[in-house]
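Here's the structure we're looking at; comments come further down.
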Amino acid sequence: PRLSAFPPILRFVMDAAKTPLVVQPGCNHTHTVIFLHGRGDTALNFLKSLAHSRDSHDRSLAELYPSFRWVFPWAPVTPAVGFNNQPTSQWFDIWNVRDFSDKEEHQVEGLKESVQGILKLLAAEADALSGRWDRLVLMGISQGAATAIHTMLHLHEQAPKLGAFVGFSCRMPFPGRTLGETRKVLNPGAGNNENDELLKRTPILLEHCADDPLVLVQNGRALRECLRGFGAQVNWVEYPNGGHWFNSP
């Protein structure tokens with residue numbers, strides 16, 4: 001694609017096996033961002049959207065963070081039960097998009113597989129940064145952010161902290177549980193592990209638009225309180241408009 005927002009020095013990498021799309025840094029590599037797209041989207045479409053986005057001073061992400069490597073994984077394409085089993089790009093399937101709690105156990109298999117894949121990707125990127133987990137940023141929007149949340153909850157045995165977690169238009173799959181109980185949803189043999197050190201040490205930013213018609217803002221507020229209950233320090237930004245996307249600029 002033509003990534004006009006990134007300088008020509010940045011490389012775009014993709015192969016037929018759907019390995020993550022990568023935008024390399026324009027100078028010495030200091031940090032890596034792993035950014036998960038939403039349900040129904042693709043890594044390519046999401047990257048192209050971000051490439052044309054600007055901040056309030058008309059700067060692109062590459063201009064703001066020239067030493068960052070940006071990694072965009074692809075969600076698997078699997079049948080969506082709520083859409084007559086139509087093949088859909090999704091990190092996990094949902095039984096009822098109007099009521100996420102309806103047969104929520106249906107979400108487990110896909111979410112578990114996606115979390116395992118992102119955990120491996122995080123480990124590889126940490127190795128590329130000489131083990132500096134504190135220079136990894138995990139980000140997601142919509143279902144990508146929900147997947148990233150559960151990924152972060154399962155990092156406590158691998159990493160002391162992340163550089164940051166950022167989630168947009170996000171909710172907590174399987175809410176209303178303790179930290180240990182939430183971990184057991186995807187890993188029943190984990191026991192009630194309440195180790196919250198990574199959550200306490202990782203800066204977390206959640207942003208949500210109040211007019212979001214798909215993931216209602218109360219879901220985002222509930223996620224905020226859930227993570228705070230787990231010991232996390234959460235910065236919350238709520239915008240009056242922007243829909244199921246970023247408030248712009």
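If you're wondering about the labels, chains in the structure tokens are A, B, ... by order shown, residues count from 1 in each chain, ligands from 1 in order shown.
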*asked:* Among stretch 51-241 of chain A, which ones does DSSP assign to helix (DSSP H, G or I) (computed from the backbone)? Answer as a PyMOL selection string.
replied: chain A and resi 51+61-64+81-83+104-128+133-135+143-153+179-186+188-190+197-201+217-229
Selection above as a file: C-alpha atoms, as a PDB file, in the first residue's frame:
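See out36.pdb below for the written result:
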ATOM      1  CA  ALA A  51      -1.101   6.068   8.169  1.00  0.00           C
ATOM      2  CA  LEU A  61       2.535   8.538  14.280  1.00  0.00           C
ATOM      3  CA  ALA A  62       5.856   7.974  12.509  1.00  0.00           C
ATOM      4  CA  GLU A  63       6.744  11.621  12.939  1.00  0.00           C
ATOM      5  CA  LEU A  64       5.792  11.564  16.608  1.00  0.00           C
ATOM      6  CA  VAL A  81     -22.225 -17.632  14.470  1.00  0.00           C
ATOM      7  CA  GLY A  82     -24.166 -14.372  14.766  1.00  0.00           C
ATOM      8  CA  PHE A  83     -23.850 -13.789  11.016  1.00  0.00           C
ATOM      9  CA  GLU A 104     -20.186 -15.957  26.790  1.00  0.00           C
ATOM     10  CA  GLU A 105     -18.429 -19.329  27.002  1.00  0.00           C
ATOM     11  CA  HIS A 106     -18.617 -19.334  23.192  1.00  0.00           C
ATOM     12  CA  GLN A 107     -15.844 -16.726  23.223  1.00  0.00           C
ATOM     13  CA  VAL A 108     -13.312 -18.877  25.095  1.00  0.00           C
ATOM     14  CA  GLU A 109     -11.784 -21.009  22.339  1.00  0.00           C
ATOM     15  CA  GLY A 110     -11.003 -18.213  19.897  1.00  0.00           C
ATOM     16  CA  LEU A 111      -9.861 -15.805  22.594  1.00  0.00           C
ATOM     17  CA  LYS A 112      -7.520 -18.410  24.058  1.00  0.00           C
ATOM     18  CA  GLU A 113      -5.904 -19.099  20.682  1.00  0.00           C
ATOM     19  CA  SER A 114      -5.526 -15.395  19.905  1.00  0.00           C
ATOM     20  CA  VAL A 115      -4.011 -14.630  23.314  1.00  0.00           C
ATOM     21  CA  GLN A 116      -1.476 -17.432  22.902  1.00  0.00           C
ATOM     22  CA  GLY A 117      -0.455 -16.033  19.513  1.00  0.00           C
ATOM     23  CA  ILE A 118      -0.026 -12.485  20.824  1.00  0.00           C
ATOM     24  CA  LEU A 119       1.961 -13.741  23.823  1.00  0.00           C
ATOM     25  CA  LYS A 120       4.430 -15.400  21.428  1.00  0.00           C
ATOM     26  CA  LEU A 121       4.641 -12.215  19.369  1.00  0.00           C
ATOM     27  CA  LEU A 122       5.323 -10.129  22.467  1.00  0.00           C
ATOM     28  CA  ALA A 123       8.103 -12.492  23.529  1.00  0.00           C
ATOM     29  CA  ALA A 124       9.724 -12.269  20.090  1.00  0.00           C
ATOM     30  CA  GLU A 125       9.587  -8.481  20.104  1.00  0.00           C
ATOM     31  CA  ALA A 126      11.010  -8.389  23.639  1.00  0.00           C
ATOM     32  CA  ASP A 127      13.934 -10.513  22.435  1.00  0.00           C
ATOM     33  CA  ALA A 128      14.526  -8.003  19.624  1.00  0.00           C
ATOM     34  CA  TRP A 133       9.738  -5.613  28.144  1.00  0.00           C
ATOM     35  CA  ASP A 134       9.416  -2.072  29.466  1.00  0.00           C
ATOM     36  CA  ARG A 135       9.895  -0.843  25.878  1.00  0.00           C
ATOM     37  CA  GLN A 143     -12.247  -6.543  19.940  1.00  0.00           C
ATOM     38  CA  GLY A 144      -8.497  -6.177  19.412  1.00  0.00           C
ATOM     39  CA  ALA A 145      -8.298  -4.244  22.674  1.00  0.00           C
ATOM     40  CA  ALA A 146     -10.438  -6.829  24.469  1.00  0.00           C
ATOM     41  CA  THR A 147      -8.027  -9.520  23.257  1.00  0.00           C
ATOM     42  CA  ALA A 148      -5.057  -7.420  24.318  1.00  0.00           C
ATOM     43  CA  ILE A 149      -6.540  -7.022  27.813  1.00  0.00           C
ATOM     44  CA  HIS A 150      -6.630 -10.778  28.346  1.00  0.00           C
ATOM     45  CA  THR A 151      -3.143 -11.048  26.845  1.00  0.00           C
ATOM     46  CA  MET A 152      -1.841  -8.574  29.413  1.00  0.00           C
ATOM     47  CA  LEU A 153      -3.522 -10.536  32.210  1.00  0.00           C
ATOM     48  CA  LEU A 179      -8.072 -11.516  38.712  1.00  0.00           C
ATOM     49  CA  GLY A 180      -7.381 -15.187  39.383  1.00  0.00           C
ATOM     50  CA  GLU A 181     -10.843 -16.240  38.224  1.00  0.00           C
ATOM     51  CA  THR A 182     -10.437 -14.204  35.036  1.00  0.00           C
ATOM     52  CA  ARG A 183      -7.150 -15.927  34.264  1.00  0.00           C
ATOM     53  CA  LYS A 184      -8.772 -19.322  34.819  1.00  0.00           C
ATOM     54  CA  VAL A 185     -11.322 -18.650  32.063  1.00  0.00           C
ATOM     55  CA  LEU A 186      -8.623 -19.249  29.447  1.00  0.00           C
ATOM     56  CA  PRO A 188      -8.358 -23.534  33.999  1.00  0.00           C
ATOM     57  CA  GLY A 189      -5.223 -25.138  35.416  1.00  0.00           C
ATOM     58  CA  ALA A 190      -3.701 -21.821  36.469  1.00  0.00           C
ATOM     59  CA  GLU A 197       2.608  -6.823  39.942  1.00  0.00           C
ATOM     60  CA  LEU A 198       2.669  -6.400  36.160  1.00  0.00           C
ATOM     61  CA  LEU A 199      -0.675  -4.606  36.257  1.00  0.00           C
ATOM     62  CA  LYS A 200       0.499  -2.303  39.027  1.00  0.00           C
ATOM     63  CA  ARG A 201       3.685  -1.411  37.143  1.00  0.00           C
ATOM     64  CA  VAL A 217     -19.318   3.498  26.868  1.00  0.00           C
ATOM     65  CA  GLN A 218     -20.607   1.833  30.035  1.00  0.00           C
ATOM     66  CA  ASN A 219     -18.670  -1.259  28.960  1.00  0.00           C
ATOM     67  CA  GLY A 220     -15.517   0.834  28.872  1.00  0.00           C
ATOM     68  CA  ARG A 221     -16.257   2.314  32.281  1.00  0.00           C
ATOM     69  CA  ALA A 222     -16.826  -1.191  33.660  1.00  0.00           C
ATOM     70  CA  LEU A 223     -13.449  -2.274  32.231  1.00  0.00           C
ATOM     71  CA  ARG A 224     -11.800   0.700  33.906  1.00  0.00           C
ATOM     72  CA  GLU A 225     -13.222  -0.252  37.301  1.00  0.00           C
ATOM     73  CA  CYS A 226     -12.403  -3.925  36.750  1.00  0.00           C
ATOM     74  CA  LEU A 227      -8.734  -3.199  36.056  1.00  0.00           C
ATOM     75  CA  ARG A 228      -8.515  -0.818  38.986  1.00  0.00           C
ATOM     76  CA  GLY A 229      -9.949  -3.590  41.132  1.00  0.00           C
TER      77      GLY A 229
END
_What's around stretch 240-242 of chain A at 10 Å? Count only C-alpha atoms, leave out sequence neighbours fewer than 3 positions away in its own chain, and write the answer as a VMD selection string._
chain A and resid 208 to 212 245 to 249
Emit the selected residues as a PDB file, in the first residue's frame, including N, CA, C and O atoms.
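Result written to out_24.pdb:
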ATOM      1  N   HIS A 208     -12.490   6.131  25.224  1.00  0.00           N
ATOM      2  CA  HIS A 208     -13.795   5.683  24.720  1.00  0.00           C
ATOM      3  C   HIS A 208     -14.617   6.903  24.342  1.00  0.00           C
ATOM      4  O   HIS A 208     -14.569   7.929  25.016  1.00  0.00           O
ATOM      5  N   CYS A 209     -15.368   6.800  23.246  1.00  0.00           N
ATOM      6  CA  CYS A 209     -16.280   7.861  22.838  1.00  0.00           C
ATOM      7  C   CYS A 209     -17.668   7.570  23.390  1.00  0.00           C
ATOM      8  O   CYS A 209     -18.158   6.446  23.274  1.00  0.00           O
ATOM      9  N   ALA A 210     -18.288   8.575  23.980  1.00  0.00           N
ATOM     10  CA  ALA A 210     -19.574   8.369  24.648  1.00  0.00           C
ATOM     11  C   ALA A 210     -20.677   7.971  23.682  1.00  0.00           C
ATOM     12  O   ALA A 210     -21.679   7.374  24.097  1.00  0.00           O
ATOM     13  N   ASP A 211     -20.513   8.295  22.388  1.00  0.00           N
ATOM     14  CA  ASP A 211     -21.547   7.949  21.411  1.00  0.00           C
ATOM     15  C   ASP A 211     -21.233   6.663  20.654  1.00  0.00           C
ATOM     16  O   ASP A 211     -21.826   6.410  19.594  1.00  0.00           O
ATOM     17  N   ASP A 212     -20.339   5.843  21.190  1.00  0.00           N
ATOM     18  CA  ASP A 212     -20.004   4.568  20.559  1.00  0.00           C
ATOM     19  C   ASP A 212     -21.258   3.692  20.498  1.00  0.00           C
ATOM     20  O   ASP A 212     -21.810   3.325  21.534  1.00  0.00           O
ATOM     21  N   TRP A 245     -14.624   4.507  17.187  1.00  0.00           N
ATOM     22  CA  TRP A 245     -13.343   4.806  16.561  1.00  0.00           C
ATOM     23  C   TRP A 245     -12.603   5.755  17.471  1.00  0.00           C
ATOM     24  O   TRP A 245     -12.968   5.948  18.630  1.00  0.00           O
ATOM     25  N   PHE A 246     -11.556   6.375  16.951  1.00  0.00           N
ATOM     26  CA  PHE A 246     -10.797   7.346  17.709  1.00  0.00           C
ATOM     27  C   PHE A 246     -11.463   8.718  17.642  1.00  0.00           C
ATOM     28  O   PHE A 246     -11.972   9.109  16.598  1.00  0.00           O
ATOM     29  N   ASN A 247     -11.425   9.434  18.768  1.00  0.00           N
ATOM     30  CA  ASN A 247     -11.798  10.833  18.711  1.00  0.00           C
ATOM     31  C   ASN A 247     -10.700  11.560  17.939  1.00  0.00           C
ATOM     32  O   ASN A 247      -9.518  11.354  18.194  1.00  0.00           O
ATOM     33  N   SER A 248     -11.087  12.395  16.974  1.00  0.00           N
ATOM     34  CA  SER A 248     -10.101  13.003  16.089  1.00  0.00           C
ATOM     35  C   SER A 248     -10.193  14.518  16.087  1.00  0.00           C
ATOM     36  O   SER A 248     -11.305  15.056  16.132  1.00  0.00           O
ATOM     37  N   PRO A 249      -9.049  15.251  15.992  1.00  0.00           N
ATOM     38  CA  PRO A 249      -7.680  14.678  15.875  1.00  0.00           C
ATOM     39  C   PRO A 249      -7.194  14.176  17.209  1.00  0.00           C
ATOM     40  O   PRO A 249      -7.678  14.574  18.246  1.00  0.00           O
TER      41      PRO A 249
END
*asked:* Considering only strand (DSSP E or B) as DSSP defines it on the backbone, what residues of stretch 14-165 of chain A qualify? List them as a PyMOL selection string.
replied: chain A and resi 21-23+31-36+68-72+77-80+86-89+136-141+164-165
*Name the closest residue to A:Ile204 among the candidates A:Trp95, A:Phe230, A:Phe174, A:Trp236; distances are taken between atoms, counting only C-alpha atoms.*
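Distance minimum relative to A:Ile204 lands on A:Trp236.
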_From A:Thr178, A:Ser89, A:Gln24, A:Asn195, residue lying nearest A:His156 [only C-alpha atoms]_ = A:Asn195
Give me the residues within 8 Å of A:Leu138 as a CSV table (one decimal) with C-alpha atoms, in the first residue's frame, counting only C-alpha atoms and dropping any in the same chain fewer than 6 places off.
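And here is the file that came out, selection23.csv:
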chain,number,residue,atom,x,y,z
A,33,VAL,CA,4.2,-1.2,19.5
A,34,ILE,CA,1.9,-4.2,18.9
A,35,PHE,CA,-1.5,-2.9,17.7
A,148,ALA,CA,-5.1,-7.4,24.3
A,162,LEU,CA,5.1,-3.4,29.8
A,164,ALA,CA,2.3,0.7,28.4
A,165,PHE,CA,-1.1,-0.6,27.5
A,166,VAL,CA,-3.5,1.4,25.4
